[in-house]
file coords_1.txt (compact mmCIF, C-alpha atoms and all ligand atoms)
# COMPACT_ATOMS: atom_id res chain seq x y z
CA MET F 141 123.55 134.24 143.97
CA SER F 142 120.70 136.53 145.05
CA ARG F 143 119.14 138.85 142.51
CA THR F 144 120.67 141.95 144.20
CA ARG F 145 124.13 140.39 144.35
CA ALA F 146 123.85 139.30 140.70
CA GLY F 147 122.74 142.83 139.79
CA ALA F 148 125.65 144.30 141.75
CA ALA F 149 128.12 141.92 140.03
CA LEU F 150 126.76 142.92 136.61
CA SER F 151 126.99 146.61 137.40
CA THR F 152 130.74 146.19 137.99
CA LEU F 153 131.13 145.13 134.36
CA SER F 154 132.21 147.67 131.81
CA PRO F 155 129.64 148.80 129.19
CA ALA F 156 131.61 146.81 126.62
CA GLN F 157 131.37 143.64 128.74
CA GLN F 158 127.66 144.23 129.27
CA ALA F 159 127.23 144.65 125.53
CA VAL F 160 128.86 141.24 125.01
CA LEU F 161 126.32 139.69 127.39
CA GLU F 162 123.38 141.47 125.78
CA ALA F 163 124.45 140.44 122.26
CA ALA F 164 124.60 136.77 123.27
CA LYS F 165 121.04 136.60 124.62
CA LEU F 166 118.54 134.45 122.76
CA ASP F 167 115.00 133.84 123.95
CA LEU F 168 113.43 130.98 122.06
CA SER F 169 110.20 131.24 124.04
CA ASN F 170 109.00 134.16 121.92
CA LEU F 171 109.08 132.39 118.56
CA SER F 172 105.34 132.07 118.74
CA SER F 173 104.58 131.94 115.02
CA GLU F 174 107.22 129.23 114.48
CA ARG F 175 105.83 127.37 117.48
CA THR F 176 102.33 127.44 116.03
CA ALA F 177 103.70 126.19 112.72
CA GLN F 178 105.58 123.48 114.54
CA ASP F 179 102.47 122.33 116.40
CA ALA F 180 100.79 121.95 113.03
CA GLU F 181 103.87 120.17 111.72
CA ARG F 182 103.79 117.77 114.67
CA ARG F 183 100.20 116.87 113.72
CA SER F 184 101.22 116.49 110.09
CA LEU F 185 103.86 113.89 110.98
CA ALA F 186 101.02 111.39 111.07
CA ARG F 187 100.83 111.98 107.29
CA ASP F 188 104.57 112.06 106.56
CA PHE F 189 105.82 108.96 104.72
CA CYS F 190 109.34 110.24 103.89
CA SER F 191 111.19 108.34 106.60
CA ASP F 192 110.88 106.94 110.10
CA THR F 193 113.43 109.56 111.18
CA VAL F 194 110.81 112.33 110.99
CA THR F 195 109.01 111.40 114.22
CA ALA F 196 108.80 114.00 117.01
CA PRO F 197 109.50 113.08 120.62
CA PRO F 198 106.15 112.89 122.42
CA GLN F 199 105.50 115.03 125.50
CA ALA F 200 105.61 111.96 127.76
CA MET F 201 109.11 111.08 126.50
CA LEU F 202 110.36 114.61 127.18
CA GLU F 203 108.77 114.67 130.65
CA TYR F 204 110.31 111.30 131.50
CA ALA F 205 113.70 112.44 130.25
CA PHE F 206 113.56 115.65 132.32
CA LYS F 207 112.54 113.66 135.38
CA VAL F 208 115.20 110.96 135.29
CA THR F 209 118.11 112.55 133.50
CA SER F 210 121.62 112.43 134.89
CA PHE F 211 124.05 115.30 134.46
CA GLY F 212 127.42 113.53 134.37
CA ASP F 213 130.12 114.16 131.80
CA ASP F 214 129.98 111.18 129.43
CA VAL F 215 133.48 111.84 128.11
CA PHE F 216 134.65 110.81 131.60
CA GLN F 217 132.05 107.98 131.67
CA ARG F 218 130.39 109.72 134.61
CA ASP F 219 126.88 109.87 133.18
CA TYR F 220 124.97 107.16 134.99
CA CYS F 221 121.91 107.14 132.67
CA THR F 222 124.19 106.65 129.66
CA ASN F 223 126.26 104.01 131.46
CA ALA F 224 123.05 102.14 132.37
CA LEU F 225 121.70 102.38 128.81
CA GLU F 226 124.96 101.09 127.32
CA LYS F 227 125.04 98.17 129.75
CA HIS F 228 121.38 97.31 129.19
CA VAL F 229 121.57 97.28 125.37
CA ALA F 230 124.87 95.37 125.41
CA ASN F 231 123.18 92.73 127.61
CA LEU F 232 120.14 92.60 125.35
CA CYS F 233 122.42 92.03 122.38
CA GLY F 234 124.52 89.43 124.18
CA LYS F 235 127.65 91.59 123.94
CA GLU F 236 130.12 92.66 126.62
CA ALA F 237 129.85 96.41 126.17
CA GLY F 238 128.06 99.25 124.40
CA LEU F 239 128.82 102.83 123.43
CA PHE F 240 126.33 105.64 122.83
CA ILE F 241 127.05 107.24 119.44
CA SER F 242 125.35 110.33 118.08
CA SER F 243 124.33 108.77 114.75
CA GLY F 244 124.05 105.49 112.90
CA THR F 245 126.55 106.65 110.30
CA MET F 246 129.16 107.37 112.95
CA GLY F 247 128.41 103.99 114.57
CA ASN F 248 129.10 102.14 111.32
CA GLN F 249 132.21 104.18 110.58
CA ILE F 250 133.68 103.72 114.05
CA ALA F 251 132.90 100.00 113.95
CA LEU F 252 134.81 99.62 110.67
CA ARG F 253 137.66 101.72 112.00
CA CYS F 254 137.92 99.36 114.98
CA LEU F 255 137.67 96.12 113.01
CA LEU F 256 140.06 97.05 110.21
CA GLU F 257 143.70 97.10 111.17
CA GLN F 258 146.27 97.70 108.48
CA PRO F 259 145.42 98.79 104.92
CA PRO F 260 145.25 97.77 102.15
CA TYR F 261 142.00 95.94 102.70
CA SER F 262 138.41 95.70 101.52
CA VAL F 263 134.95 95.48 103.09
CA LEU F 264 132.30 93.35 101.41
CA CYS F 265 128.75 94.64 101.67
CA ASP F 266 125.41 94.73 99.88
CA GLN F 267 125.35 97.21 97.02
CA ARG F 268 122.12 98.73 98.40
CA SER F 269 123.42 99.12 101.96
CA HIS F 270 123.60 102.41 103.83
CA LEU F 271 127.33 101.85 104.21
CA SER F 272 127.77 101.60 100.47
CA GLN F 273 125.31 104.24 99.30
CA TYR F 274 124.70 106.89 101.92
CA GLU F 275 127.77 107.37 104.11
CA THR F 276 129.54 109.90 101.89
CA GLY F 277 132.24 107.42 100.97
CA GLY F 278 133.18 107.28 104.66
CA ALA F 279 134.82 103.85 104.62
CA ALA F 280 137.45 105.11 102.17
CA TYR F 281 137.89 108.41 103.98
CA ASN F 282 137.94 107.18 107.56
CA SER F 283 139.50 103.76 107.22
CA GLY F 284 141.19 103.75 103.81
CA ALA F 285 138.98 100.81 102.88
CA THR F 286 137.82 99.75 99.45
CA LEU F 287 134.21 98.64 99.44
CA ILE F 288 133.10 95.60 97.48
CA PRO F 289 129.40 96.39 96.94
CA VAL F 290 127.68 93.19 95.88
CA VAL F 291 124.35 92.92 94.07
CA PRO F 292 122.53 89.94 95.61
CA SER F 293 121.93 87.32 92.93
CA ASP F 294 118.35 86.69 94.09
CA GLY F 295 117.64 90.43 94.20
CA ARG F 296 116.90 90.20 97.92
CA PHE F 297 119.76 89.16 100.24
CA LEU F 298 123.44 88.44 100.03
CA SER F 299 123.86 84.67 100.13
CA LEU F 300 126.92 82.64 100.97
CA GLU F 301 127.36 82.05 97.22
CA ASP F 302 127.32 85.81 96.55
CA VAL F 303 129.91 86.33 99.26
CA LYS F 304 132.14 83.52 97.99
CA LYS F 305 131.95 84.92 94.48
CA HIS F 306 133.05 88.45 95.41
CA ILE F 307 135.18 88.19 98.53
CA ILE F 308 138.93 88.69 98.09
CA LEU F 309 140.81 86.02 99.99
CA THR F 310 144.02 85.87 98.00
CA ASP F 311 147.27 87.25 99.33
CA ASP F 312 148.29 88.12 95.76
CA ILE F 313 149.80 91.60 96.08
CA HIS F 314 147.51 93.03 93.37
CA TYR F 315 144.39 92.82 95.54
CA ALA F 316 142.94 94.49 98.64
CA THR F 317 142.14 91.44 100.74
CA THR F 318 138.73 91.45 102.42
CA GLN F 319 138.88 91.86 106.17
CA VAL F 320 135.28 92.69 107.07
CA ILE F 321 131.89 91.49 105.88
CA ALA F 322 129.30 94.14 106.70
CA LEU F 323 125.62 93.18 106.52
CA GLU F 324 122.48 95.25 107.13
CA ASN F 325 119.29 93.99 108.81
CA THR F 326 116.66 95.07 108.00
CA LEU F 327 117.81 96.14 104.54
CA ASN F 328 115.21 98.20 102.70
CA GLY F 329 112.74 96.98 105.33
CA SER F 330 113.36 93.28 104.58
CA VAL F 331 114.52 90.77 107.14
CA HIS F 332 117.74 88.97 106.19
CA PRO F 333 117.08 85.29 107.07
CA GLN F 334 119.21 84.35 110.06
CA GLN F 335 120.22 81.03 108.51
CA SER F 336 121.82 82.85 105.59
CA ILE F 337 123.62 85.21 108.00
CA LEU F 338 124.94 82.25 109.99
CA GLU F 339 126.29 80.62 106.82
CA ILE F 340 128.05 83.83 105.75
CA ALA F 341 129.46 84.40 109.25
CA SER F 342 130.72 80.85 109.56
CA PHE F 343 132.48 81.08 106.20
CA GLY F 344 133.83 84.53 107.10
CA LYS F 345 135.20 83.35 110.45
CA GLN F 346 136.91 80.36 108.79
CA HIS F 347 138.79 82.89 106.67
CA GLY F 348 139.64 85.28 109.50
CA MET F 349 136.99 87.89 108.60
CA LYS F 350 135.45 90.28 111.10
CA MET F 351 131.66 90.66 110.89
CA HIS F 352 129.79 93.97 111.29
CA LEU F 353 126.03 94.45 111.28
CA ASP F 354 124.30 97.73 110.51
CA GLY F 355 121.31 96.99 112.70
CA ALA F 356 119.80 100.48 112.57
CA ARG F 357 116.42 98.72 112.41
CA LEU F 358 117.31 95.41 114.06
CA TRP F 359 114.56 96.16 116.59
CA HIS F 360 112.08 95.55 113.77
CA VAL F 361 113.56 92.13 113.03
CA ALA F 362 113.39 91.07 116.68
CA VAL F 363 109.79 92.23 117.03
CA GLU F 364 108.64 90.82 113.69
CA THR F 365 110.27 87.39 114.01
CA GLY F 366 110.41 86.95 117.79
CA GLN F 367 114.13 86.15 117.60
CA PRO F 368 115.97 87.63 120.59
CA LEU F 369 118.42 90.42 119.82
CA SER F 370 121.22 88.32 121.35
CA GLU F 371 120.60 85.62 118.74
CA LEU F 372 120.43 88.14 115.91
CA CYS F 373 123.69 89.78 117.04
CA SER F 374 125.65 86.64 117.87
CA PRO F 375 127.27 86.13 114.42
CA PHE F 376 128.72 89.65 114.55
CA ASP F 377 131.74 91.24 116.19
CA THR F 378 130.07 94.65 116.20
CA VAL F 379 126.48 95.83 115.75
CA THR F 380 125.10 99.36 115.41
CA LEU F 381 121.48 99.94 116.49
CA CYS F 382 119.62 103.25 116.20
CA PHE F 383 117.22 104.88 118.67
CA SER F 384 116.25 107.71 116.32
CA LYS F 385 114.57 105.73 113.54
CA GLY F 386 111.86 103.15 114.25
CA LEU F 387 112.03 103.80 117.99
CA GLY F 388 111.32 107.51 117.68
CA ALA F 389 113.97 108.98 120.01
CA PRO F 390 115.28 112.42 118.99
CA ALA F 391 118.89 111.28 118.50
CA GLY F 392 121.36 108.54 119.17
CA SER F 393 122.59 105.09 118.24
CA ILE F 394 124.59 102.47 120.07
CA LEU F 395 127.51 100.31 119.07
CA VAL F 396 127.91 96.97 120.85
CA GLY F 397 130.81 94.51 120.88
CA THR F 398 133.52 93.13 123.12
CA GLU F 399 134.96 95.21 126.00
CA LYS F 400 138.17 95.55 124.01
CA THR F 401 136.49 96.74 120.81
CA ILE F 402 134.25 99.17 122.64
CA ALA F 403 137.21 100.64 124.55
CA LEU F 404 138.85 101.26 121.18
CA ALA F 405 135.55 102.62 119.78
CA ARG F 406 135.43 105.10 122.68
CA ARG F 407 138.82 106.38 121.59
CA TYR F 408 137.76 106.64 117.94
CA ARG F 409 134.52 108.37 118.96
CA LYS F 410 136.69 111.02 120.62
CA LEU F 411 138.94 111.22 117.56
CA PHE F 412 135.90 111.59 115.26
CA GLY F 413 134.74 114.48 117.49
CA GLY F 414 131.67 112.53 118.56
CA ALA F 415 132.21 112.36 122.33
CA MET F 416 129.59 114.49 124.09
CA ARG F 417 129.17 115.73 127.65
CA GLN F 418 125.84 115.76 129.55
CA ILE F 419 123.93 113.37 127.31
CA GLY F 420 121.81 111.84 130.08
CA ILE F 421 118.79 113.50 128.53
CA LEU F 422 119.33 111.67 125.22
CA SER F 423 119.95 108.37 126.98
CA ALA F 424 116.75 108.86 128.97
CA CYS F 425 114.82 109.41 125.71
CA ALA F 426 116.35 106.21 124.32
CA ALA F 427 115.33 104.30 127.47
CA TYR F 428 111.79 105.66 127.12
CA ALA F 429 111.76 104.61 123.46
CA LEU F 430 112.83 101.07 124.34
CA THR F 431 110.21 100.83 127.05
CA HIS F 432 107.26 102.45 125.30
CA HIS F 433 107.90 102.49 121.55
CA LEU F 434 109.32 99.06 120.75
CA SER F 435 105.87 97.64 121.48
CA LEU F 436 104.40 99.89 118.75
CA LEU F 437 106.37 98.22 115.96
CA PRO F 438 103.96 95.32 115.30
CA SER F 439 101.28 97.89 114.54
CA VAL F 440 103.71 99.84 112.32
CA HIS F 441 104.43 96.68 110.35
CA SER F 442 100.77 95.84 109.91
CA LYS F 443 100.03 99.37 108.69
CA ALA F 444 102.83 99.07 106.11
CA LYS F 445 101.48 95.68 104.99
CA ARG F 446 97.95 97.10 104.73
CA LEU F 447 99.23 99.98 102.60
CA ALA F 448 101.16 97.59 100.35
CA GLN F 449 98.20 95.26 99.98
CA GLY F 450 95.92 98.19 99.11
CA LEU F 451 98.34 99.43 96.44
CA GLN F 452 98.81 95.95 95.03
CA ASP F 453 95.04 95.41 94.85
CA MET F 454 94.89 98.45 92.53
CA GLY F 455 97.50 96.97 90.20
CA ILE F 456 100.56 98.75 91.57
CA SER F 457 103.63 96.58 91.72
CA ILE F 458 105.19 96.02 95.16
CA THR F 459 108.83 95.54 94.30
CA THR F 460 110.12 94.17 97.63
CA PRO F 461 108.07 91.95 99.97
CA VAL F 462 106.85 94.15 102.84
CA GLU F 463 108.00 92.65 106.12
CA THR F 464 108.48 95.64 108.40
CA CYS F 465 108.04 99.40 107.92
CA MET F 466 108.96 100.12 104.28
CA VAL F 467 106.91 99.84 101.12
CA TRP F 468 108.78 99.86 97.79
CA PHE F 469 106.46 100.28 94.85
CA ASP F 470 106.28 100.87 91.13
CA PRO F 471 103.07 102.52 89.92
CA SER F 472 103.96 102.33 86.19
CA PRO F 473 101.58 99.37 85.56
CA VAL F 474 98.66 101.73 86.31
CA GLY F 475 100.08 104.59 84.25
CA LEU F 476 101.36 106.70 87.16
CA THR F 477 104.78 107.80 88.35
CA THR F 478 106.01 108.06 91.92
CA GLU F 479 106.40 111.82 91.36
CA ASN F 480 102.74 112.07 90.21
CA ILE F 481 101.55 110.45 93.42
CA ALA F 482 103.82 112.48 95.70
CA SER F 483 102.89 115.80 94.09
CA GLU F 484 99.14 115.08 94.16
CA ALA F 485 99.49 113.97 97.80
CA ALA F 486 101.25 117.23 98.66
CA ALA F 487 98.36 119.18 97.09
CA LEU F 488 95.62 117.51 99.16
CA GLN F 489 93.66 119.75 101.48
CA GLU F 490 95.33 117.86 104.32
CA PRO F 491 98.65 117.19 102.60
CA ILE F 492 100.42 113.87 102.69
CA THR F 493 104.20 114.18 102.52
CA MET F 494 106.32 111.71 100.62
CA PHE F 495 109.48 111.89 98.58
CA GLY F 496 108.84 111.48 94.89
CA SER F 497 110.68 108.18 95.01
CA ASN F 498 109.58 104.56 95.02
CA ARG F 499 109.84 104.21 98.81
CA VAL F 500 107.35 105.06 101.54
CA VAL F 501 108.02 104.51 105.22
CA VAL F 502 105.48 103.93 107.97
CA HIS F 503 106.50 104.97 111.50
CA ILE F 504 105.14 104.99 115.03
CA GLN F 505 103.30 108.26 114.46
CA THR F 506 101.71 107.34 111.10
CA SER F 507 97.93 107.36 111.38
CA ASP F 508 95.53 104.81 109.92
CA GLU F 509 93.72 107.77 108.37
CA ALA F 510 96.84 108.78 106.44
CA ILE F 511 97.07 105.30 104.96
CA ASP F 512 93.37 105.35 104.03
CA ASP F 513 93.77 108.81 102.46
CA LEU F 514 96.82 107.78 100.45
CA LEU F 515 95.04 104.70 99.14
CA ARG F 516 91.96 106.79 98.31
CA LEU F 517 94.11 109.32 96.44
CA VAL F 518 95.85 106.67 94.35
CA ARG F 519 92.53 104.98 93.57
CA SER F 520 91.04 108.25 92.36
CA LEU F 521 94.12 109.02 90.22
CA ILE F 522 93.79 105.63 88.57
CA GLN F 523 90.03 106.02 88.07
CA ASN F 524 90.46 109.50 86.60
CA GLY F 525 93.08 108.27 84.18
CA GLY F 526 96.09 110.06 85.68
CA PRO F 527 97.24 113.16 87.56
CA THR F 528 94.87 116.09 87.99
CA GLY F 529 97.58 118.64 87.25
CA ARG F 530 96.98 120.26 90.64
CA GLY F 531 100.06 118.58 92.10
CA THR F 532 102.92 120.59 93.51
CA THR F 533 106.66 120.07 93.15
CA VAL F 534 108.13 117.55 95.56
CA LEU F 535 111.61 116.49 96.54
CA ARG F 536 113.00 113.39 95.00
CA GLY F 537 114.13 111.12 97.82
CA VAL F 538 117.71 109.98 98.02
CA TYR F 539 116.65 106.44 98.75
CA SER F 540 115.87 104.19 95.85
CA ALA F 541 115.83 100.41 95.65
CA ARG F 542 117.84 100.19 92.46
CA LEU F 543 119.90 97.03 92.02
C1 LIG K 601 120.16 101.22 107.61
C2 LIG K 601 120.71 102.54 108.07
N1 LIG K 601 121.92 102.58 108.62
C3 LIG K 601 122.47 103.73 109.04
C4 LIG K 601 121.79 104.91 108.93
C5 LIG K 601 122.45 106.19 109.37
O1 LIG K 601 121.87 106.74 110.48
P1 LIG K 601 122.05 108.30 110.81
O2 LIG K 601 121.14 109.03 109.93
O3 LIG K 601 121.70 108.36 112.27
O4 LIG K 601 123.48 108.62 110.58
C6 LIG K 601 120.51 104.93 108.36
C7 LIG K 601 119.78 106.20 108.21
O5 LIG K 601 118.66 106.26 107.81
C8 LIG K 601 119.96 103.70 107.91
O6 LIG K 601 118.75 103.66 107.32

call {"tool": "encode", "arguments": {"input": "coords_1.txt", "output": "structure tokens"}}
result
Amino acid sequence: MSRTRAGAALSTLSPAQQAVLEAAKLDLSNLSSERTAQDAERRSLARDFCSDTVTAPPQAMLEYAFKVTSFGDDVFQRDYCTNALEKHVANLCGKEAGLFISSGTMGNQIALRCLLEQPPYSVLCDQRSHLSQYETGGAAYNSGATLIPVVPSDGRFLSLEDVKKHIILTDDIHYATTQVIALENTLNGSVHPQQSILEIASFGKQHGMKMHLDGARLWHVAVETGQPLSELCSPFDTVTLCFSKGLGAPAGSILVGTEKTIALARRYRKLFGGAMRQIGILSACAAYALTHHLSLLPSVHSKAKRLAQGLQDMGISITTPVETCMVWFDPSPVGLTTENIASEAAALQEPITMFGSNRVVVHIQTSDEAIDDLLRLVRSLIQNGGPTGRGTTVLRGVYSARL
């Protein structure tokens, strides 16, 4: 519509209608002070160790996404970028089909909803898993499932023996028989050895179990070990993988499985209110992340290992072997607390951000300088016999490696 015709059409509206239009207007381009703050925040992400979800999409990702994006309605499966992404990741994972899901939590919840059929039933998982700890009790709410959260006997991974000890196989009417074994890889940044997974899956299959993998960071396992994703996914009926964590896309996860399961998952995604329309732009960001960010993970892992080694050399205890992007530590042997370190880091002239918990996460935008500065800070706190008192209050992170 030409400007004059648009103007003429508007002038036929009543003052009340025009007021409705005026009230709805929002110009985000004039938030200049927030934009300046955000530019500074983008730079500070290089010094943010809270999570790998804090990354900001780089300009090149956004430009690529604008250039290639499709505009189809994904609810009708008419978005060709999303269709192509789903097919590509399903192929990579050796599965028949994939479904774009807005978050990892929803991916796990929909997967369980698909795999579980008729309550009562239970799902066996690691006590530390996201499913058990951080999904707001979703398995009970969404699927009516009881969780059996198991503490691994070796303190590291669920073994076949752990599973055998806790799984409920009886058909005695007093029990909620286990129908799904849900594993997580990586879990707290550690790689679950594939041999152990194969043993658990083989036992599970013998007893009619379905297998789900929370593979939010399975990319890290593939890159670190060189095992193809198809091999890593093969023991599982369903796998969730995230684009918005280690890979640095702004949003999105994918659930892969058989054609039949994914068709059902599409229905549950609608029921959960998670079906979205023109999501080509998000799929394009995910494609960019796969193409350009996966290759950054080896460097992320070596930065995390360098940080862990540096802390250990000062006498700090590293409580979980560092294999990918997370460092779990306990500074009590050198007379410090995690809160001390986080609050002193926040008070640096160029602040370093970390939760006051025993976890730090390295991501694709973490700088080498930030790692050097964090190590320097901790060294000086130890040398000076403790905190300076200049520290500021910090948030305690929700994530902790307690067993
Ligand atoms: C292992 C794991 N699974 C699932 C999720 C949930 O992902 P989202 O935050 O996208 O719901 C997370 C989030 O950090 C995670 O670490």

call {"tool": "residues_around", "arguments": {"input": "coords_1.txt", "residues": "Glu203 of chain F", "least_positions_apart": "6", "cutoff": "12 Å", "atoms": "all atoms listed in the file", "output": "list in words"}}
result
Pro197, Thr209, Ile421, Ala424, Cys425 and Tyr428 of chain F

call {"tool": "residues_around", "arguments": {"input": "coords_1.txt", "residues": "segment 488-490 of chain F", "least_positions_apart": "3", "cutoff": "10 Å", "atoms": "all atoms listed in the file", "output": "list in words"}}
result
Ser184, Arg187, Ser483, Glu484, Ala485, Thr493, Ala510, Asp513, Leu514, Leu517, Arg530, Gly531 and Thr532 of chain F

call {"tool": "residues_near_ligand", "arguments": {"input": "coords_1.txt", "ligand": "ligand LIG 601 (chain K)", "cutoff": "6 Å", "atoms": "all atoms listed in the file", "output": "VMD selection string"}}
result
chain F and resid 243 to 245 270 354 356

call {"tool": "atom_distance", "arguments": {"input": "coords_1.txt", "atom1": "atom CA of Gln449 of chain F", "atom2": "atom CA of His503 of chain F"}}
result
17.2 Å

call {"tool": "closest_atom_pairs", "arguments": {"input": "coords_1.txt", "of": "segment 211-282 of chain F", "to": "segment 394-418 of chain F", "cutoff": "9 Å", "atoms": "all atoms listed in the file", "output": "Markdown table"}}
result
| residue | atom | partner | partner_atom | distance |
| --- | --- | --- | --- | --- |
| F:Phe211 | CA | F:Gln418 | CA | 5.2 |
| F:Gly212 | CA | F:Gln418 | CA | 5.5 |
| F:Asp213 | CA | F:Arg417 | CA | 4.5 |
| F:Asp214 | CA | F:Arg417 | CA | 5.0 |
| F:Val215 | CA | F:Arg417 | CA | 5.8 |
| F:Phe216 | CA | F:Arg417 | CA | 8.4 |
| F:Asp219 | CA | F:Gln418 | CA | 7.0 |
| F:Glu226 | CA | F:Ile394 | CA | 7.4 |
| F:Val229 | CA | F:Val396 | CA | 7.8 |
| F:Ala230 | CA | F:Val396 | CA | 5.7 |
| F:Cys233 | CA | F:Val396 | CA | 7.5 |
| F:Gly234 | CA | F:Gly397 | CA | 8.7 |
| F:Lys235 | CA | F:Gly397 | CA | 5.3 |
| F:Glu236 | CA | F:Thr398 | CA | 4.9 |
| F:Ala237 | CA | F:Glu399 | CA | 5.3 |
| F:Gly238 | CA | F:Val396 | CA | 4.2 |
| F:Leu239 | CA | F:Leu395 | CA | 5.2 |
| F:Phe240 | CA | F:Ile394 | CA | 4.5 |
| F:Ile241 | CA | F:Ile394 | CA | 5.4 |
| F:Ser242 | CA | F:Gly414 | CA | 6.7 |
| F:Ser243 | CA | F:Ile394 | CA | 8.2 |
| F:Gly244 | CA | F:Ile394 | CA | 7.8 |
| F:Met246 | CA | F:Gly414 | CA | 8.0 |
| F:Gly247 | CA | F:Leu395 | CA | 5.9 |
| F:Asn248 | CA | F:Leu395 | CA | 8.1 |
| F:Ile250 | CA | F:Ala405 | CA | 6.1 |
| F:Ala251 | CA | F:Ala405 | CA | 6.9 |
| F:Arg253 | CA | F:Tyr408 | CA | 7.7 |
| F:Cys254 | CA | F:Ala405 | CA | 6.3 |
| F:Leu255 | CA | F:Thr401 | CA | 7.9 |

call {"tool": "residues_around", "arguments": {"input": "coords_1.txt", "residues": "His360 of chain F", "least_positions_apart": "6", "cutoff": "12 Å", "atoms": "all atoms listed in the file", "output": "PyMOL selection string"}}
result
chain F and resi 325-332+366-369+372+381-383+385-387+430+433-442+463-466+503-504

call {"tool": "write_last_selection", "arguments": {"input": "coords_1.txt", "atoms": "C-alpha atoms", "output": "PDB file, in the frame of the given file"}}
result
ATOM      1  CA  ASN F 325     119.290  93.990 108.810  1.00  0.00           C
ATOM      2  CA  THR F 326     116.660  95.070 108.000  1.00  0.00           C
ATOM      3  CA  LEU F 327     117.810  96.140 104.540  1.00  0.00           C
ATOM      4  CA  ASN F 328     115.210  98.200 102.700  1.00  0.00           C
ATOM      5  CA  GLY F 329     112.740  96.980 105.330  1.00  0.00           C
ATOM      6  CA  SER F 330     113.360  93.280 104.580  1.00  0.00           C
ATOM      7  CA  VAL F 331     114.520  90.770 107.140  1.00  0.00           C
ATOM      8  CA  HIS F 332     117.740  88.970 106.190  1.00  0.00           C
ATOM      9  CA  GLY F 366     110.410  86.950 117.790  1.00  0.00           C
ATOM     10  CA  GLN F 367     114.130  86.150 117.600  1.00  0.00           C
ATOM     11  CA  PRO F 368     115.970  87.630 120.590  1.00  0.00           C
ATOM     12  CA  LEU F 369     118.420  90.420 119.820  1.00  0.00           C
ATOM     13  CA  LEU F 372     120.430  88.140 115.910  1.00  0.00           C
ATOM     14  CA  LEU F 381     121.480  99.940 116.490  1.00  0.00           C
ATOM     15  CA  CYS F 382     119.620 103.250 116.200  1.00  0.00           C
ATOM     16  CA  PHE F 383     117.220 104.880 118.670  1.00  0.00           C
ATOM     17  CA  LYS F 385     114.570 105.730 113.540  1.00  0.00           C
ATOM     18  CA  GLY F 386     111.860 103.150 114.250  1.00  0.00           C
ATOM     19  CA  LEU F 387     112.030 103.800 117.990  1.00  0.00           C
ATOM     20  CA  LEU F 430     112.830 101.070 124.340  1.00  0.00           C
ATOM     21  CA  HIS F 433     107.900 102.490 121.550  1.00  0.00           C
ATOM     22  CA  LEU F 434     109.320  99.060 120.750  1.00  0.00           C
ATOM     23  CA  SER F 435     105.870  97.640 121.480  1.00  0.00           C
ATOM     24  CA  LEU F 436     104.400  99.890 118.750  1.00  0.00           C
ATOM     25  CA  LEU F 437     106.370  98.220 115.960  1.00  0.00           C
ATOM     26  CA  PRO F 438     103.960  95.320 115.300  1.00  0.00           C
ATOM     27  CA  SER F 439     101.280  97.890 114.540  1.00  0.00           C
ATOM     28  CA  VAL F 440     103.710  99.840 112.320  1.00  0.00           C
ATOM     29  CA  HIS F 441     104.430  96.680 110.350  1.00  0.00           C
ATOM     30  CA  SER F 442     100.770  95.840 109.910  1.00  0.00           C
ATOM     31  CA  GLU F 463     108.000  92.650 106.120  1.00  0.00           C
ATOM     32  CA  THR F 464     108.480  95.640 108.400  1.00  0.00           C
ATOM     33  CA  CYS F 465     108.040  99.400 107.920  1.00  0.00           C
ATOM     34  CA  MET F 466     108.960 100.120 104.280  1.00  0.00           C
ATOM     35  CA  HIS F 503     106.500 104.970 111.500  1.00  0.00           C
ATOM     36  CA  ILE F 504     105.140 104.990 115.030  1.00  0.00           C
TER      37      ILE F 504
END

call {"tool": "atom_distance", "arguments": {"input": "coords_1.txt", "atom1": "atom CA of Leu166 of chain F", "atom2": "atom CA of Leu202 of chain F"}}
result
21.9 Å

call {"tool": "closest_residue", "arguments": {"input": "coords_1.txt", "among": "F:Leu515, F:Tyr220, F:Ala285, F:Leu298", "to": "Gly450 of chain F", "atoms": "only C-alpha atoms"}}
result
F:Leu515

call {"tool": "closest_residue", "arguments": {"input": "coords_1.txt", "among": "F:Ser173, F:Ser342, F:Thr460, F:Ser269", "to": "Val500 of chain F", "atoms": "only C-alpha atoms"}}
result
F:Thr460

call {"tool": "atom_distance", "arguments": {"input": "coords_1.txt", "atom1": "atom CA of Asp179 of chain F", "atom2": "atom CA of Val194 of chain F"}}
result
14.1 Å

call {"tool": "axis_aligned_box", "arguments": {"input": "coords_1.txt", "around": "segment 399-403 of chain F", "padding_each_side": "5 Å", "output": "AutoDock Vina command-line options"}}
result
--center_x 136.2 --center_y 97.9 --center_z 123.4 --size_x 13.9 --size_y 15.4 --size_z 15.2

call {"tool": "closest_residue", "arguments": {"input": "coords_1.txt", "among": "F:Leu521, F:Ala486, F:Leu264, F:Leu232", "to": "Ala322 of chain F", "atoms": "all atoms listed in the file"}}
result
F:Leu264

call {"tool": "closest_residue", "arguments": {"input": "coords_1.txt", "among": "F:Glu174, F:Glu181, F:Asp311, F:Glu324", "to": "Cys265 of chain F", "atoms": "only C-alpha atoms"}}
result
F:Glu324

call {"tool": "residues_near_point", "arguments": {"input": "coords_1.txt", "point": "(118.1, 112.5, 121.7)", "cutoff": "7 Å", "atoms": "only C-alpha atoms", "output": "number ranges by chain"}}
result
F: 389-392, 421-423, 425

call {"tool": "closest_residue", "arguments": {"input": "coords_1.txt", "among": "F:Ile288, F:Ala196, F:Leu447, F:Ile522", "to": "Val502 of chain F", "atoms": "all atoms listed in the file"}}
result
F:Leu447

call {"tool": "closest_residue", "arguments": {"input": "coords_1.txt", "among": "F:Ser293, F:Pro527, F:Gly355, F:Ser520", "to": "Thr478 of chain F", "atoms": "all atoms listed in the file"}}
result
F:Pro527
